[in-house]
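Here is the structure we will look at.
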Amino acid sequence: MAEIKYEYTYDVVVLGAGTAGAAAAIAAADFGAKVLVVEQFGSAGGSGSLGLVTPLMSTGIKDRPQCSYIGNEIIERLYQLDASDGNKRAYFDPMMLSIVLEEMLHERGVTMLYHTMVTGVELEGGHITGIRVCNISGNGIVHATKRYIDATGDAVVCDFAGLPTLHGDEETHKNQPCSLRYMIGGVDVDAFWHYLAEMRSQAGLSSTSGDQTAPRPENFSDAVTSGERKRALKPVFLKAVEAGDLEEEDAIYWQFFTVPGRRDVLAFNCPEFFDIDDITNAEKQSFVQVQGKLRILRHLRFYRKYLPGFEHAYIAQISAMVGIREGRRAITEYIFTTEDAFAWRKFDDAVSQSNYPVDVHGRSLRNHALSRDENEPRKYYEIPFRSLIVKGVDNLLVAGRNLGAEFVAQSSVRIIPTCRSLGEAAGIAAALSTNDGWIVRAEMEKKGAEFAK
Ligand SMILES: Cc1cc2nc3c(=O)[nH]c(=O)nc-3n(C[C@H](O)[C@H](O)[C@H](O)COP(=O)(O)OP(=O)(O)OC[C@H]3O[C@@H](n4cnc5c(N)ncnc54)[C@H](O)[C@@H]3O)c2cc1C
């Protein structure tokens, strides 16, 4: 085995500084732990920053939509920086998010080990004794005296530990479609808004479309998808496909959002890849990264030629990471089921709440509303803490989109606010854990943790 050049020991070690990992680290530090975060890139926020994912989808919980004190703090800080919208504060600037997270991590005294890749797991029986990592300094090992948290998004730690994992749809084992998001700068957003309003009006779609003089709202978005649904810009896409300026795949799924604080930028939730069956395969990730850029280039040429407001557009940013909606999931003490989501099930050890619809792209399950049990006054489901406790080892939690959940259930859970709240719960639980196990929820609440009621 290669020489080990460095070793670090902390109370809690978080693997992955993404949406869930950053929240886990902040929460663990807030609850008294000395925390180390290992992250392969040089930035916090994962899919929500480097992956350029914006805006926040909604949990639909009326009084506390973030379900997380850290989530509340993040959006407030973004708002103060003019990087979150003044309305629902759902739209945000992904790059500002990474800085806000780093400010919060720094203030809490969390140690960041960036540009460092998890490469293996040291095990003794059912106990993790260290995580092998690699960076420019060489190979090293990081140890946690309390708990490790796998927040890699794809259960990388579980996989390296040799634990079985879940992958894709239960029948086909095919992952959700992935994307490569990007941002376009140099857009005359007002001119584009007026054009879009006109096109919406022509298509008979509602909203402010008819009124050309109305100021554009603070934030707006639009989409073009295949299928029957009427979309304002669909005719333009079809015209470009016919002219050979776009390929058919470029017009299957296209969506943009405005970005608070960036007056000439739009953020695109595409191109999307529907046929990648296993996105935990590095060759396929590389394919998406390269082919995605070629598609983005076609989009850019199309915008300049066909869309008013885009005459001077340029590519402002392309995601550094493939946008993975679902890859590998951990096998945990309780697997959160699709039935739990649809039945708005409640749990004694609940750590998060949501009624975001199930959202499996490329299938009729996209945006399928959760069923409504008229006898249930609390119209949301809860996620139990047991779906974060990894089975097969005694000191590993999982947080974020790689929690223990069935495929369709995960498609609802995976949104940023919920991943944050799961990270927060894992961080608190890890910080307060003892050698014998987890302290009970009542004890956690006594120490200041706020969970779903
Ligand atoms: C294209 C796309 C569009 C989406 N749209 C929305 C939306 O509009 N609104 C919304 O709320 N949600 C959306 N989501 C979902 C949401 O963004 C993600 O599910 C959520 O951010 C996942 O958070 P996470 O912390 O679990 O994983 P991530 O944020 O992906 O974080 C995982 C982290 O682990 C690191 N890591 C992985 N492997 C290693 C390793 N071996 N060593 C070291 N570090 C490692 C990664 O670099 C990353 O920083 C979207 C997702 C995608 C992909």
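Residue numbering restarts at 1 for every chain of the structure tokens, chains are lettered A, B, ... in their displayed order, and ligands are numbered from 1 as they appear.
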
Select from chain A every residue with an atom at most 7 Å from any atom of ligand 1, then for each give the shortest pair of atoms and their distance in Å to one decimal, using only C-alpha atoms and all ligand atoms, rows by chain and rising number, as JSON lines.
{"residue": "A:Leu15", "atom": "CA", "partner": "ligand 1", "partner_atom_place_in_ligand_line": "44 (N)", "distance": 6.0}
{"residue": "A:Gly16", "atom": "CA", "partner": "ligand 1", "partner_atom_place_in_ligand_line": "34 (O)", "distance": 3.4}
{"residue": "A:Ala17", "atom": "CA", "partner": "ligand 1", "partner_atom_place_in_ligand_line": "49 (O)", "distance": 4.6}
{"residue": "A:Gly18", "atom": "CA", "partner": "ligand 1", "partner_atom_place_in_ligand_line": "31 (O)", "distance": 3.3}
{"residue": "A:Thr19", "atom": "CA", "partner": "ligand 1", "partner_atom_place_in_ligand_line": "25 (O)", "distance": 3.6}
{"residue": "A:Ala20", "atom": "CA", "partner": "ligand 1", "partner_atom_place_in_ligand_line": "25 (O)", "distance": 3.7}
{"residue": "A:Gly21", "atom": "CA", "partner": "ligand 1", "partner_atom_place_in_ligand_line": "25 (O)", "distance": 5.5}
{"residue": "A:Val38", "atom": "CA", "partner": "ligand 1", "partner_atom_place_in_ligand_line": "43 (C)", "distance": 5.7}
{"residue": "A:Glu39", "atom": "CA", "partner": "ligand 1", "partner_atom_place_in_ligand_line": "44 (N)", "distance": 3.8}
{"residue": "A:Gln40", "atom": "CA", "partner": "ligand 1", "partner_atom_place_in_ligand_line": "43 (C)", "distance": 3.8}
{"residue": "A:Phe41", "atom": "CA", "partner": "ligand 1", "partner_atom_place_in_ligand_line": "47 (O)", "distance": 5.5}
{"residue": "A:Ala44", "atom": "CA", "partner": "ligand 1", "partner_atom_place_in_ligand_line": "49 (O)", "distance": 6.3}
{"residue": "A:Gly45", "atom": "CA", "partner": "ligand 1", "partner_atom_place_in_ligand_line": "29 (O)", "distance": 5.9}
{"residue": "A:Gly46", "atom": "CA", "partner": "ligand 1", "partner_atom_place_in_ligand_line": "49 (O)", "distance": 3.4}
{"residue": "A:Ser47", "atom": "CA", "partner": "ligand 1", "partner_atom_place_in_ligand_line": "29 (O)", "distance": 3.8}
{"residue": "A:Gly48", "atom": "CA", "partner": "ligand 1", "partner_atom_place_in_ligand_line": "21 (O)", "distance": 4.9}
{"residue": "A:Val53", "atom": "CA", "partner": "ligand 1", "partner_atom_place_in_ligand_line": "5 (N)", "distance": 5.2}
{"residue": "A:Thr54", "atom": "CA", "partner": "ligand 1", "partner_atom_place_in_ligand_line": "8 (O)", "distance": 4.9}
{"residue": "A:Pro55", "atom": "CA", "partner": "ligand 1", "partner_atom_place_in_ligand_line": "8 (O)", "distance": 4.8}
{"residue": "A:Leu56", "atom": "CA", "partner": "ligand 1", "partner_atom_place_in_ligand_line": "11 (O)", "distance": 3.8}
{"residue": "A:Met57", "atom": "CA", "partner": "ligand 1", "partner_atom_place_in_ligand_line": "11 (O)", "distance": 3.9}
{"residue": "A:Ser58", "atom": "CA", "partner": "ligand 1", "partner_atom_place_in_ligand_line": "11 (O)", "distance": 7.0}
{"residue": "A:Thr116", "atom": "CA", "partner": "ligand 1", "partner_atom_place_in_ligand_line": "43 (C)", "distance": 5.9}
{"residue": "A:Met117", "atom": "CA", "partner": "ligand 1", "partner_atom_place_in_ligand_line": "42 (N)", "distance": 3.6}
{"residue": "A:Val118", "atom": "CA", "partner": "ligand 1", "partner_atom_place_in_ligand_line": "42 (N)", "distance": 3.9}
{"residue": "A:Thr119", "atom": "CA", "partner": "ligand 1", "partner_atom_place_in_ligand_line": "41 (N)", "distance": 6.2}
{"residue": "A:Ala151", "atom": "CA", "partner": "ligand 1", "partner_atom_place_in_ligand_line": "25 (O)", "distance": 5.7}
{"residue": "A:Thr152", "atom": "CA", "partner": "ligand 1", "partner_atom_place_in_ligand_line": "34 (O)", "distance": 3.4}
{"residue": "A:Gly153", "atom": "CA", "partner": "ligand 1", "partner_atom_place_in_ligand_line": "27 (O)", "distance": 3.9}
{"residue": "A:Asp154", "atom": "CA", "partner": "ligand 1", "partner_atom_place_in_ligand_line": "37 (C)", "distance": 6.8}
{"residue": "A:Val156", "atom": "CA", "partner": "ligand 1", "partner_atom_place_in_ligand_line": "41 (N)", "distance": 6.0}
{"residue": "A:Cys178", "atom": "CA", "partner": "ligand 1", "partner_atom_place_in_ligand_line": "1 (C)", "distance": 6.0}
{"residue": "A:Ser179", "atom": "CA", "partner": "ligand 1", "partner_atom_place_in_ligand_line": "1 (C)", "distance": 4.7}
{"residue": "A:Leu180", "atom": "CA", "partner": "ligand 1", "partner_atom_place_in_ligand_line": "1 (C)", "distance": 6.5}
{"residue": "A:Arg181", "atom": "CA", "partner": "ligand 1", "partner_atom_place_in_ligand_line": "1 (C)", "distance": 6.2}
{"residue": "A:Asn269", "atom": "CA", "partner": "ligand 1", "partner_atom_place_in_ligand_line": "1 (C)", "distance": 5.9}
{"residue": "A:Cys270", "atom": "CA", "partner": "ligand 1", "partner_atom_place_in_ligand_line": "1 (C)", "distance": 6.9}
{"residue": "A:Gly323", "atom": "CA", "partner": "ligand 1", "partner_atom_place_in_ligand_line": "53 (C)", "distance": 3.4}
{"residue": "A:Ile324", "atom": "CA", "partner": "ligand 1", "partner_atom_place_in_ligand_line": "53 (C)", "distance": 4.0}
{"residue": "A:Arg325", "atom": "CA", "partner": "ligand 1", "partner_atom_place_in_ligand_line": "53 (C)", "distance": 4.1}
{"residue": "A:Ala399", "atom": "CA", "partner": "ligand 1", "partner_atom_place_in_ligand_line": "26 (O)", "distance": 6.4}
{"residue": "A:Gly400", "atom": "CA", "partner": "ligand 1", "partner_atom_place_in_ligand_line": "26 (O)", "distance": 3.3}
{"residue": "A:Arg401", "atom": "CA", "partner": "ligand 1", "partner_atom_place_in_ligand_line": "26 (O)", "distance": 3.9}
{"residue": "A:Asn402", "atom": "CA", "partner": "ligand 1", "partner_atom_place_in_ligand_line": "26 (O)", "distance": 6.0}
{"residue": "A:Arg414", "atom": "CA", "partner": "ligand 1", "partner_atom_place_in_ligand_line": "19 (O)", "distance": 4.2}
{"residue": "A:Ile415", "atom": "CA", "partner": "ligand 1", "partner_atom_place_in_ligand_line": "12 (N)", "distance": 3.8}
{"residue": "A:Ile416", "atom": "CA", "partner": "ligand 1", "partner_atom_place_in_ligand_line": "11 (O)", "distance": 3.8}
{"residue": "A:Pro417", "atom": "CA", "partner": "ligand 1", "partner_atom_place_in_ligand_line": "11 (O)", "distance": 6.1}
{"residue": "A:Cys419", "atom": "CA", "partner": "ligand 1", "partner_atom_place_in_ligand_line": "23 (O)", "distance": 5.5}

Neighbouring residues of Tyr195 of chain A were defined as those with any atom within 10 Å, considering only C-alpha atoms; residues of the same chain fewer than 5 positions away were excluded. Please report them as a PyMOL selection string. chain A and resi 189-190+200-201+209+212+233+307-309

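Proximity of A:Lys284, A:Arg386, A:Arg147, A:Arg216 to Ile335 of chain A, computed with only C-alpha atoms, is greatest for A:Arg386.
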
Identify, with DSSP run on backbone atoms, the residues in segment 209-422 of chain A assigned to alpha helix (DSSP H), and express the list as a CSV table (one decimal) with C-alpha atoms, in the first residue's frame.
chain,number,residue,atom,x,y,z
A,234,LYS,CA,-41.6,25.5,-28.5
A,235,PRO,CA,-42.3,26.7,-32.0
A,236,VAL,CA,-38.9,28.5,-32.1
A,237,PHE,CA,-37.1,25.4,-31.0
A,238,LEU,CA,-38.9,23.3,-33.6
A,239,LYS,CA,-38.0,25.8,-36.3
A,240,ALA,CA,-34.3,25.6,-35.3
A,241,VAL,CA,-34.4,21.8,-35.3
A,242,GLU,CA,-36.0,21.9,-38.8
A,282,ALA,CA,-16.7,7.6,-14.5
A,283,GLU,CA,-16.6,7.0,-18.3
A,284,LYS,CA,-20.3,7.9,-18.5
A,285,GLN,CA,-19.7,11.0,-16.4
A,286,SER,CA,-16.9,12.1,-18.7
A,287,PHE,CA,-19.2,11.5,-21.7
A,288,VAL,CA,-21.9,13.8,-20.2
A,289,GLN,CA,-19.3,16.4,-19.4
A,290,VAL,CA,-17.9,16.5,-23.0
A,291,GLN,CA,-21.2,15.9,-24.9
A,292,GLY,CA,-22.9,18.4,-22.6
A,293,LYS,CA,-20.5,21.1,-23.6
A,294,LEU,CA,-21.1,20.4,-27.3
A,295,ARG,CA,-24.9,20.8,-26.7
A,296,ILE,CA,-24.3,24.0,-24.8
A,297,LEU,CA,-22.4,25.4,-27.7
A,298,ARG,CA,-25.3,24.5,-30.0
A,299,HIS,CA,-27.6,26.3,-27.6
A,300,LEU,CA,-25.5,29.4,-27.6
A,301,ARG,CA,-25.5,29.6,-31.4
A,302,PHE,CA,-29.2,29.1,-31.4
A,303,TYR,CA,-29.8,31.8,-28.8
A,304,ARG,CA,-27.8,34.4,-30.6
A,305,LYS,CA,-29.6,33.6,-33.9
A,306,TYR,CA,-33.2,33.1,-32.7
A,338,THR,CA,-42.6,5.7,-1.9
A,339,GLU,CA,-45.6,4.6,0.1
A,340,ASP,CA,-44.4,6.6,3.1
A,341,ALA,CA,-44.2,9.7,0.9
A,342,PHE,CA,-47.6,9.2,-0.8
A,407,PHE,CA,-36.1,5.3,-6.0
A,408,VAL,CA,-39.4,7.2,-6.4
A,409,ALA,CA,-39.3,8.4,-2.8
A,410,GLN,CA,-35.8,9.8,-3.3
A,411,SER,CA,-37.1,11.8,-6.3
A,412,SER,CA,-39.1,13.9,-3.8
A,413,VAL,CA,-36.6,14.0,-1.0
A,416,ILE,CA,-31.9,21.3,-1.7
A,417,PRO,CA,-34.0,22.3,1.4
A,418,THR,CA,-34.6,18.7,2.4
A,419,CYS,CA,-31.0,17.7,1.8
A,420,ARG,CA,-29.9,20.6,4.0
A,421,SER,CA,-32.3,19.6,6.8
A,422,LEU,CA,-31.0,16.0,6.6

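For the pair atom CA of Gly261 of chain A and atom CA of Glu424 of chain A, the separation is 27.4 Å.
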
Near-Ala251 of chain A list (7 Å; only C-alpha atoms; drop same-chain fewer than 3 positions) as a count of residues only: 5

Which residue gives the smallest distance to Ile318 of chain A among A:Cys158, A:Leu101, A:Cys67, A:Ile184, with only C-alpha atoms counted?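 Of A:Cys158, A:Leu101, A:Cys67, A:Ile184, the one nearest Ile318 of chain A is A:Ile184, counting only C-alpha atoms.
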
If we count only C-alpha atoms and set the cut-off at 10 Å, which residues sit around Leu166 of chain A, ignoring sequence neighbours fewer than 5 positions away in its own chain? Please answer as a ChimeraX atom specification. /A:154-155,173,327-331,402-407

One-decimal distance in Å that lies between atom CA of Gly126 of chain A and atom CA of Gly437 of chain A: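 Separation between atom CA of Gly437 of chain A and atom CA of Gly126 of chain A: 13.5 Å.
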